[in-house]
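A.B. asks: One structure, pasted below without further comment.
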Amino acid sequence: MQATQAIINLDNLRKNITLVQKKTGKRICMPVKADAYGHGALSIARTALSAGVEYLAVSTVEEGRKLREAGINAPIILFSIVLPEEIDFLISADLEPMAGDSEYIDVLESRAVKAKKKLPVHLKIDTGMGRIGCNPADAPALASQISKSKGLHLAGTATHLAVSDSVKPEDAAYTKMQLDIFCQAVEKIKNVGINPGIVHAANTGAVTFHNDSWFDMVRPGILLYGYAPENPEGIPALEVLPLMELRSTLVFIKEVKKGQSISYGRIWTAKEDTFVGTIPLGYADGLNRLLSNNWQVLLLENTGRDNRKLRPLAGRICMDQCMIDLGRDSTARRWDPVTIFGGLAPHAGIMASLLSTIPYEITCNINKRVPRVYIE
Ligand SMILES: *Cc1c(COP(=O)(O)O)cnc(C)c1O
């Protein structure tokens, strides 16, 4: 065991999946890109599939290949556009690429024919995200290019929403506009006699707020990892449970006299005699340095659930270590565990808002040297 670890609660994942299943009644595609938003793609994928998720999604061929190597044989969508030289790997790993232009479809087609495969492709329509995807007007022609080709078949038709997690009226209107454009494009594909395959659009925000976006399959990511967008009252709109708890251990404790400074830059000095603990966790592990003097960690021992103690970070967060002001009356002892976020402490979403970012970035940034420890 290492002093610092990310505990991943797989039971919470099952509960979150059940919640999305009950709410939408649709097939679920779970994005496990970026190592499952930092949670560990393989364990997340296995648990998700056993809980009824039917599709996975990744962003690089390598992410997909690793899942295949580990024996995952569920369908996997590849969200990003990849280089021509990666396409043979994509095909041999049985990934389902998204495509939104004729040139890329041609490359996919020629490689698929060469490999003697019928490659499933998802047509991506850009309805207002502005990232990848075709102009909606071109959708029927591209759908027909895919479905008429020898090496490809149209497995799905998709779009991505830019502001679906926002409850501002102008954002809700934008999402509605995107969905209208998408529906019209899908209709046009059907009107030229082509089956659009699985129609899918809904990310977390759309699963939460836009029932008319669910179509045949939903693709919520962060929601399944336990973070829901807020309703107009500023309260999480769905009761999902965060999966990740970042834990560390007090490996050193010392008495610090009033006026003594702690860490680089001397931005913290003791206002009174106190005890200061050190944990082996720093910005290289993904603890954002902007949290220096600006976050509280939860002491787990000797305090019990009813008497839990949140104690402030003291001084600059270093690369591999940081310090905690334990207080003058501290009963904390060396080797006591602490929680930095998640579990009984404030979760990554709270940390994210303090840093003006999103929970995705907090969990993705937990470095690979922090072992992921799975609990049920
Ligand atoms: C990442 C991603 C999702 C999931 O987004 P969340 O906001 O995590 O729900 C869905 N679709 C596409 C295309 C994505 O890239």
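Ligands are numbered from 1 in the order shown, residues from 1 within each chain, and chains are lettered A, B, ... in the order they appear in the structure tokens.
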Can you write out as a Markdown table which residues of chain A fall within 7 Å of ligand 1, alongside each residue's closest atom pair and its distance in Å to one decimal, counting only C-alpha atoms and all ligand atoms and ordering rows by chain and ascending residue number?

C.D. replies:
```
| residue | atom | partner | partner_atom_place_in_ligand_line | distance |
| --- | --- | --- | --- | --- |
| A:Pro31 | CA | ligand 1 | 4 (C) | 5.9 |
| A:Phe79 | CA | ligand 1 | 13 (C) | 5.6 |
| A:His160 | CA | ligand 1 | 13 (C) | 5.6 |
| A:Ala202 | CA | ligand 1 | 10 (C) | 6.9 |
| A:Asn203 | CA | ligand 1 | 9 (O) | 3.9 |
| A:Thr204 | CA | ligand 1 | 9 (O) | 3.5 |
| A:Gly205 | CA | ligand 1 | 9 (O) | 6.5 |
| A:Arg219 | CA | ligand 1 | 10 (C) | 5.0 |
| A:Pro220 | CA | ligand 1 | 9 (O) | 3.7 |
| A:Gly221 | CA | ligand 1 | 8 (O) | 3.3 |
| A:Ile222 | CA | ligand 1 | 8 (O) | 3.9 |
| A:Leu223 | CA | ligand 1 | 9 (O) | 6.1 |
```

A.B. asks: Mind writing the picked residues with N, CA and C atoms as a PDB file, in the first residue's frame?

C.D. replies:
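Result file out-v2.pdb:
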```pdb
ATOM      1  N   PRO A  31     -18.476   7.007 -21.723  1.00  0.00           N
ATOM      2  CA  PRO A  31     -17.139   7.444 -22.116  1.00  0.00           C
ATOM      3  C   PRO A  31     -16.118   7.042 -21.038  1.00  0.00           C
ATOM      4  N   PHE A  79     -14.170   8.721 -30.275  1.00  0.00           N
ATOM      5  CA  PHE A  79     -14.704  10.080 -30.412  1.00  0.00           C
ATOM      6  C   PHE A  79     -13.863  10.983 -31.314  1.00  0.00           C
ATOM      7  N   HIS A 160     -23.043  16.525 -30.774  1.00  0.00           N
ATOM      8  CA  HIS A 160     -22.575  16.841 -29.421  1.00  0.00           C
ATOM      9  C   HIS A 160     -23.071  18.232 -29.048  1.00  0.00           C
ATOM     10  N   ALA A 202     -26.926  12.707 -26.243  1.00  0.00           N
ATOM     11  CA  ALA A 202     -27.011  13.250 -24.884  1.00  0.00           C
ATOM     12  C   ALA A 202     -25.767  13.011 -24.037  1.00  0.00           C
ATOM     13  N   ASN A 203     -25.079  14.085 -23.722  1.00  0.00           N
ATOM     14  CA  ASN A 203     -24.021  14.062 -22.706  1.00  0.00           C
ATOM     15  C   ASN A 203     -24.685  14.276 -21.335  1.00  0.00           C
ATOM     16  N   THR A 204     -23.872  14.491 -20.318  1.00  0.00           N
ATOM     17  CA  THR A 204     -24.401  14.634 -18.950  1.00  0.00           C
ATOM     18  C   THR A 204     -25.495  15.687 -18.829  1.00  0.00           C
ATOM     19  N   GLY A 205     -25.224  16.877 -19.366  1.00  0.00           N
ATOM     20  CA  GLY A 205     -26.200  17.966 -19.241  1.00  0.00           C
ATOM     21  C   GLY A 205     -27.514  17.607 -19.900  1.00  0.00           C
ATOM     22  N   ARG A 219     -24.999   9.288 -23.763  1.00  0.00           N
ATOM     23  CA  ARG A 219     -23.540   9.203 -23.581  1.00  0.00           C
ATOM     24  C   ARG A 219     -23.059  10.044 -22.399  1.00  0.00           C
ATOM     25  N   PRO A 220     -23.621   9.861 -21.213  1.00  0.00           N
ATOM     26  CA  PRO A 220     -23.173  10.698 -20.093  1.00  0.00           C
ATOM     27  C   PRO A 220     -21.827  10.228 -19.562  1.00  0.00           C
ATOM     28  N   GLY A 221     -20.933  11.168 -19.318  1.00  0.00           N
ATOM     29  CA  GLY A 221     -19.638  10.825 -18.750  1.00  0.00           C
ATOM     30  C   GLY A 221     -19.592  11.226 -17.289  1.00  0.00           C
ATOM     31  N   ILE A 222     -19.389  12.510 -17.046  1.00  0.00           N
ATOM     32  CA  ILE A 222     -19.133  12.988 -15.683  1.00  0.00           C
ATOM     33  C   ILE A 222     -20.270  12.618 -14.724  1.00  0.00           C
ATOM     34  N   LEU A 223     -21.480  12.509 -15.258  1.00  0.00           N
ATOM     35  CA  LEU A 223     -22.625  12.140 -14.411  1.00  0.00           C
ATOM     36  C   LEU A 223     -22.393  10.756 -13.796  1.00  0.00           C
TER      37      LEU A 223
END
```

A.B. asks: List every residue of range 173-314 of chain A that DSSP, applied to the backbone of this structure, assigns to strand (DSSP E), and report them as an NGL selection string.

C.D. replies: :A and (198-202 or 217-218 or 244-249 or 252-256 or 261-262 or 268-269 or 274-279 or 296-299 or 309-312)

A.B. asks: Counting only C-alpha atoms, which residue out of A:Pro84, A:Pro97, A:Gly349, A:Pro140 sits closest to Gly64 in chain A?

C.D. replies: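 Closest residue, counting only C-alpha atoms: A:Pro97.
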
A.B. asks: Using only C-alpha atoms, can you tell me which of A:Lys33, A:Lys258, A:Lys190, A:His200 comes closest to Lys124 in chain A?

C.D. replies: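 Ranking A:Lys33, A:Lys258, A:Lys190, A:His200 by distance to Lys124 in chain A, first place goes to A:His200.
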
A.B. asks: Using only C-alpha atoms for the distances, tell me which of A:Ala6, A:Thr60, A:Ile235, A:Ile279 is nearest to Val32 in chain A.

C.D. replies: A:Thr60

A.B. asks: A:Arg334, A:Lys118, A:Lys168, A:Lys257: which is nearest Gly277 in chain A, counting only C-alpha atoms?

C.D. replies: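 Among the listed residues, A:Arg334 lies closest to Gly277 in chain A.
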
A.B. asks: Which residue gives the smallest distance to Gly197 in chain A among A:Gly156, A:Pro229, A:Pro242, A:Gly234, with only C-alpha atoms counted?

C.D. replies: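 Ranking A:Gly156, A:Pro229, A:Pro242, A:Gly234 by distance to Gly197 in chain A, first place goes to A:Gly156.
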
A.B. asks: Out of A:Leu326, A:Val192, A:Ile198, A:Val186, which residue has the shortest atom-to-atom distance to Glu255 in chain A when counting only C-alpha atoms?

C.D. replies: A:Leu326

A.B. asks: Please provide the set of residues having any atom within 10 Å of Pro312 in chain A, restricted to only C-alpha atoms, with same-chain residues fewer than 2 positions apart removed, written as a PyMOL selection string.

C.D. replies: chain A and resi 292-298+309-310+314-315+323-327

A.B. asks: Taking 3 positions as the minimum chain separation for residues in the same chain, which residues sit within 10 Å of Asn9 in chain A when counting only C-alpha atoms? Answer as a PyMOL selection string.

C.D. replies: chain A and resi 6+12-14+39+44+225+241-245+343+373-376

A.B. asks: May I have the selected residues written with all heavy atoms, as a compact mmCIF listing (two decimals), in the first residue's frame?

C.D. replies:
```txt
# COMPACT_ATOMS: atom_id res chain seq x y z
N ALA A 6 -5.92 6.90 -4.71
CA ALA A 6 -7.26 7.34 -5.13
C ALA A 6 -8.18 6.13 -4.97
O ALA A 6 -8.01 5.13 -5.65
CB ALA A 6 -7.25 7.82 -6.57
N ASN A 12 -20.74 2.90 -6.14
CA ASN A 12 -21.34 4.18 -6.53
C ASN A 12 -21.54 4.24 -8.04
O ASN A 12 -22.55 4.78 -8.52
CB ASN A 12 -20.47 5.35 -6.07
CG ASN A 12 -20.58 5.58 -4.57
OD1 ASN A 12 -21.36 4.92 -3.89
ND2 ASN A 12 -19.80 6.52 -4.05
N LEU A 13 -20.60 3.67 -8.79
CA LEU A 13 -20.76 3.64 -10.25
C LEU A 13 -22.03 2.86 -10.62
O LEU A 13 -22.83 3.32 -11.44
CB LEU A 13 -19.53 3.01 -10.92
CG LEU A 13 -19.64 2.78 -12.42
CD1 LEU A 13 -19.92 4.08 -13.18
CD2 LEU A 13 -18.35 2.14 -12.97
N ARG A 14 -22.21 1.70 -10.00
CA ARG A 14 -23.42 0.91 -10.29
C ARG A 14 -24.68 1.70 -9.98
O ARG A 14 -25.64 1.69 -10.75
CB ARG A 14 -23.41 -0.39 -9.47
CG ARG A 14 -22.43 -1.38 -10.00
CD ARG A 14 -22.62 -2.76 -9.38
NE ARG A 14 -21.40 -3.50 -9.63
CZ ARG A 14 -20.37 -3.58 -8.79
NH1 ARG A 14 -20.44 -3.03 -7.60
NH2 ARG A 14 -19.29 -4.24 -9.13
N HIS A 39 -10.17 7.64 -13.51
CA HIS A 39 -10.58 6.62 -12.54
C HIS A 39 -10.01 5.24 -12.83
O HIS A 39 -10.13 4.33 -12.00
CB HIS A 39 -12.11 6.52 -12.48
CG HIS A 39 -12.78 7.76 -11.96
ND1 HIS A 39 -12.83 8.94 -12.68
CD2 HIS A 39 -13.43 8.02 -10.80
CE1 HIS A 39 -13.48 9.85 -11.97
NE2 HIS A 39 -13.85 9.33 -10.83
N ILE A 44 -13.31 0.51 -14.55
CA ILE A 44 -14.57 1.22 -14.78
C ILE A 44 -15.35 0.54 -15.90
O ILE A 44 -16.55 0.30 -15.79
CB ILE A 44 -14.28 2.71 -15.14
CG1 ILE A 44 -13.67 3.44 -13.93
CG2 ILE A 44 -15.55 3.41 -15.63
CD1 ILE A 44 -14.54 3.58 -12.71
N TYR A 225 -19.58 9.39 -13.29
CA TYR A 225 -18.47 9.46 -12.33
C TYR A 225 -18.89 10.17 -11.04
O TYR A 225 -18.10 10.31 -10.12
CB TYR A 225 -17.25 10.13 -12.97
CG TYR A 225 -16.71 9.31 -14.13
CD1 TYR A 225 -17.01 9.63 -15.46
CD2 TYR A 225 -15.95 8.18 -13.89
CE1 TYR A 225 -16.56 8.85 -16.51
CE2 TYR A 225 -15.49 7.39 -14.93
CZ TYR A 225 -15.80 7.72 -16.24
OH TYR A 225 -15.35 6.94 -17.27
N LEU A 241 -23.47 9.77 -7.03
CA LEU A 241 -22.46 9.68 -5.98
C LEU A 241 -21.06 9.70 -6.58
O LEU A 241 -20.75 8.88 -7.46
CB LEU A 241 -22.65 8.37 -5.20
CG LEU A 241 -24.05 8.17 -4.60
CD1 LEU A 241 -24.26 6.72 -4.18
CD2 LEU A 241 -24.24 9.12 -3.42
N PRO A 242 -20.20 10.63 -6.12
CA PRO A 242 -18.84 10.67 -6.66
C PRO A 242 -18.10 9.35 -6.41
O PRO A 242 -18.24 8.76 -5.35
CB PRO A 242 -18.19 11.82 -5.88
CG PRO A 242 -19.32 12.67 -5.42
CD PRO A 242 -20.45 11.71 -5.16
N LEU A 243 -17.34 8.94 -7.42
CA LEU A 243 -16.62 7.67 -7.31
C LEU A 243 -15.27 7.83 -6.62
O LEU A 243 -14.79 6.89 -5.98
CB LEU A 243 -16.35 7.09 -8.72
CG LEU A 243 -17.39 6.16 -9.31
CD1 LEU A 243 -18.77 6.76 -9.29
CD2 LEU A 243 -17.00 5.77 -10.73
N MET A 244 -14.66 8.99 -6.81
CA MET A 244 -13.26 9.10 -6.39
C MET A 244 -13.09 9.77 -5.02
O MET A 244 -13.68 10.82 -4.76
CB MET A 244 -12.44 9.88 -7.42
CG MET A 244 -10.93 9.88 -7.10
SD MET A 244 -9.94 10.90 -8.22
CE MET A 244 -9.88 9.89 -9.70
N GLU A 245 -12.28 9.15 -4.17
CA GLU A 245 -11.85 9.76 -2.91
C GLU A 245 -10.32 9.78 -2.92
O GLU A 245 -9.68 8.73 -3.06
CB GLU A 245 -12.35 8.94 -1.71
CG GLU A 245 -11.80 9.47 -0.39
CD GLU A 245 -12.24 8.65 0.83
OE1 GLU A 245 -13.02 7.68 0.69
OE2 GLU A 245 -11.78 8.99 1.93
N GLY A 343 -15.31 10.95 -0.60
CA GLY A 343 -15.63 10.23 0.64
C GLY A 343 -16.47 11.11 1.55
O GLY A 343 -17.49 11.66 1.13
N VAL A 373 -7.31 2.44 -6.13
CA VAL A 373 -7.68 1.30 -5.29
C VAL A 373 -9.19 1.16 -5.35
O VAL A 373 -9.91 2.09 -5.02
CB VAL A 373 -7.21 1.52 -3.84
CG1 VAL A 373 -7.67 0.39 -2.94
CG2 VAL A 373 -5.68 1.66 -3.81
N TYR A 374 -9.65 -0.02 -5.82
CA TYR A 374 -11.07 -0.19 -6.07
C TYR A 374 -11.78 -0.82 -4.89
O TYR A 374 -11.31 -1.82 -4.35
CB TYR A 374 -11.29 -1.00 -7.36
CG TYR A 374 -10.73 -0.25 -8.53
CD1 TYR A 374 -9.41 -0.45 -8.95
CD2 TYR A 374 -11.48 0.74 -9.16
CE1 TYR A 374 -8.87 0.29 -9.98
CE2 TYR A 374 -10.96 1.49 -10.19
CZ TYR A 374 -9.63 1.26 -10.61
OH TYR A 374 -9.11 2.01 -11.62
N ILE A 375 -12.88 -0.21 -4.49
CA ILE A 375 -13.69 -0.80 -3.42
C ILE A 375 -15.12 -1.00 -3.93
O ILE A 375 -15.55 -0.33 -4.88
CB ILE A 375 -13.70 0.07 -2.14
CG1 ILE A 375 -14.24 1.47 -2.44
CG2 ILE A 375 -12.30 0.15 -1.54
CD1 ILE A 375 -14.58 2.26 -1.20
N GLU A 376 -15.82 -1.93 -3.33
CA GLU A 376 -17.19 -2.22 -3.77
C GLU A 376 -18.19 -1.46 -2.91
O GLU A 376 -17.98 -1.22 -1.74
CB GLU A 376 -17.46 -3.72 -3.68
CG GLU A 376 -16.62 -4.53 -4.64
CD GLU A 376 -16.97 -4.28 -6.12
OE1 GLU A 376 -18.14 -4.06 -6.43
OE2 GLU A 376 -16.04 -4.33 -6.93
```

A.B. asks: Within 10 Å of range 171-179 of chain A, which residues of range 16-129 of chain A show up? Give each one with its shortest atom-to-atom distance in Å (one decimal) and the two atoms involved, counting only C-alpha atoms, rows by chain then rising residue number, as a Markdown table.

C.D. replies:
```
| residue | atom | partner | partner_atom | distance |
| --- | --- | --- | --- | --- |
| A:Asp126 | CA | A:Gln178 | CA | 8.7 |
| A:Thr127 | CA | A:Gln178 | CA | 5.1 |
| A:Gly128 | CA | A:Gln178 | CA | 6.1 |
| A:Met129 | CA | A:Gln178 | CA | 8.6 |
```

A.B. asks: Could you write those residues out with all heavy atoms, as a short mmCIF file (atom, residue, chain, number, x, y, z; two decimals), in the first residue's frame?

C.D. replies:
```cif
data_model
loop_
_atom_site.label_atom_id
_atom_site.label_comp_id
_atom_site.auth_asym_id
_atom_site.auth_seq_id
_atom_site.Cartn_x
_atom_site.Cartn_y
_atom_site.Cartn_z
N ASP A 126 -22.20 18.34 -36.90
CA ASP A 126 -21.92 19.52 -36.06
C ASP A 126 -23.15 20.42 -36.07
O ASP A 126 -23.42 21.11 -37.05
CB ASP A 126 -20.69 20.26 -36.58
CG ASP A 126 -20.33 21.44 -35.67
OD1 ASP A 126 -20.98 21.61 -34.61
OD2 ASP A 126 -19.41 22.20 -36.03
N THR A 127 -23.87 20.43 -34.97
CA THR A 127 -25.09 21.24 -34.88
C THR A 127 -24.87 22.51 -34.06
O THR A 127 -25.82 23.22 -33.75
CB THR A 127 -26.24 20.42 -34.25
OG1 THR A 127 -25.81 19.98 -32.94
CG2 THR A 127 -26.60 19.22 -35.09
N GLY A 128 -23.60 22.77 -33.69
CA GLY A 128 -23.36 24.00 -32.93
C GLY A 128 -22.29 23.87 -31.86
O GLY A 128 -22.06 24.79 -31.09
N MET A 129 -21.63 22.71 -31.81
CA MET A 129 -20.51 22.55 -30.89
C MET A 129 -19.25 23.17 -31.51
O MET A 129 -18.39 23.72 -30.82
CB MET A 129 -20.32 21.06 -30.58
CG MET A 129 -19.08 20.74 -29.76
SD MET A 129 -19.16 21.37 -28.07
CE MET A 129 -17.52 20.89 -27.48
#
```

A.B. asks: Contacts of Ala70 in chain A at 12 Å or less, counting only C-alpha atoms, minus same-chain residues fewer than 5 places along, as a PDB file with C-alpha atoms, in the first residue's frame?

C.D. replies:
```pdb
ATOM      1  CA  ALA A  41     -10.468   2.678 -17.686  1.00  0.00           C
ATOM      2  CA  LEU A  42     -10.317  -1.067 -17.279  1.00  0.00           C
ATOM      3  CA  SER A  43     -12.020  -1.421 -13.893  1.00  0.00           C
ATOM      4  CA  ALA A  45     -15.318  -0.442 -18.118  1.00  0.00           C
ATOM      5  CA  ARG A  46     -15.728  -3.901 -16.583  1.00  0.00           C
ATOM      6  CA  GLU A  63      -7.141   3.684 -25.194  1.00  0.00           C
ATOM      7  CA  GLY A  64      -9.360   1.354 -27.179  1.00  0.00           C
ATOM      8  CA  ARG A  65      -6.587  -1.129 -27.904  1.00  0.00           C
ATOM      9  CA  ALA A  93      -9.032  -3.132 -32.465  1.00  0.00           C
TER      10      ALA A  93
END
```
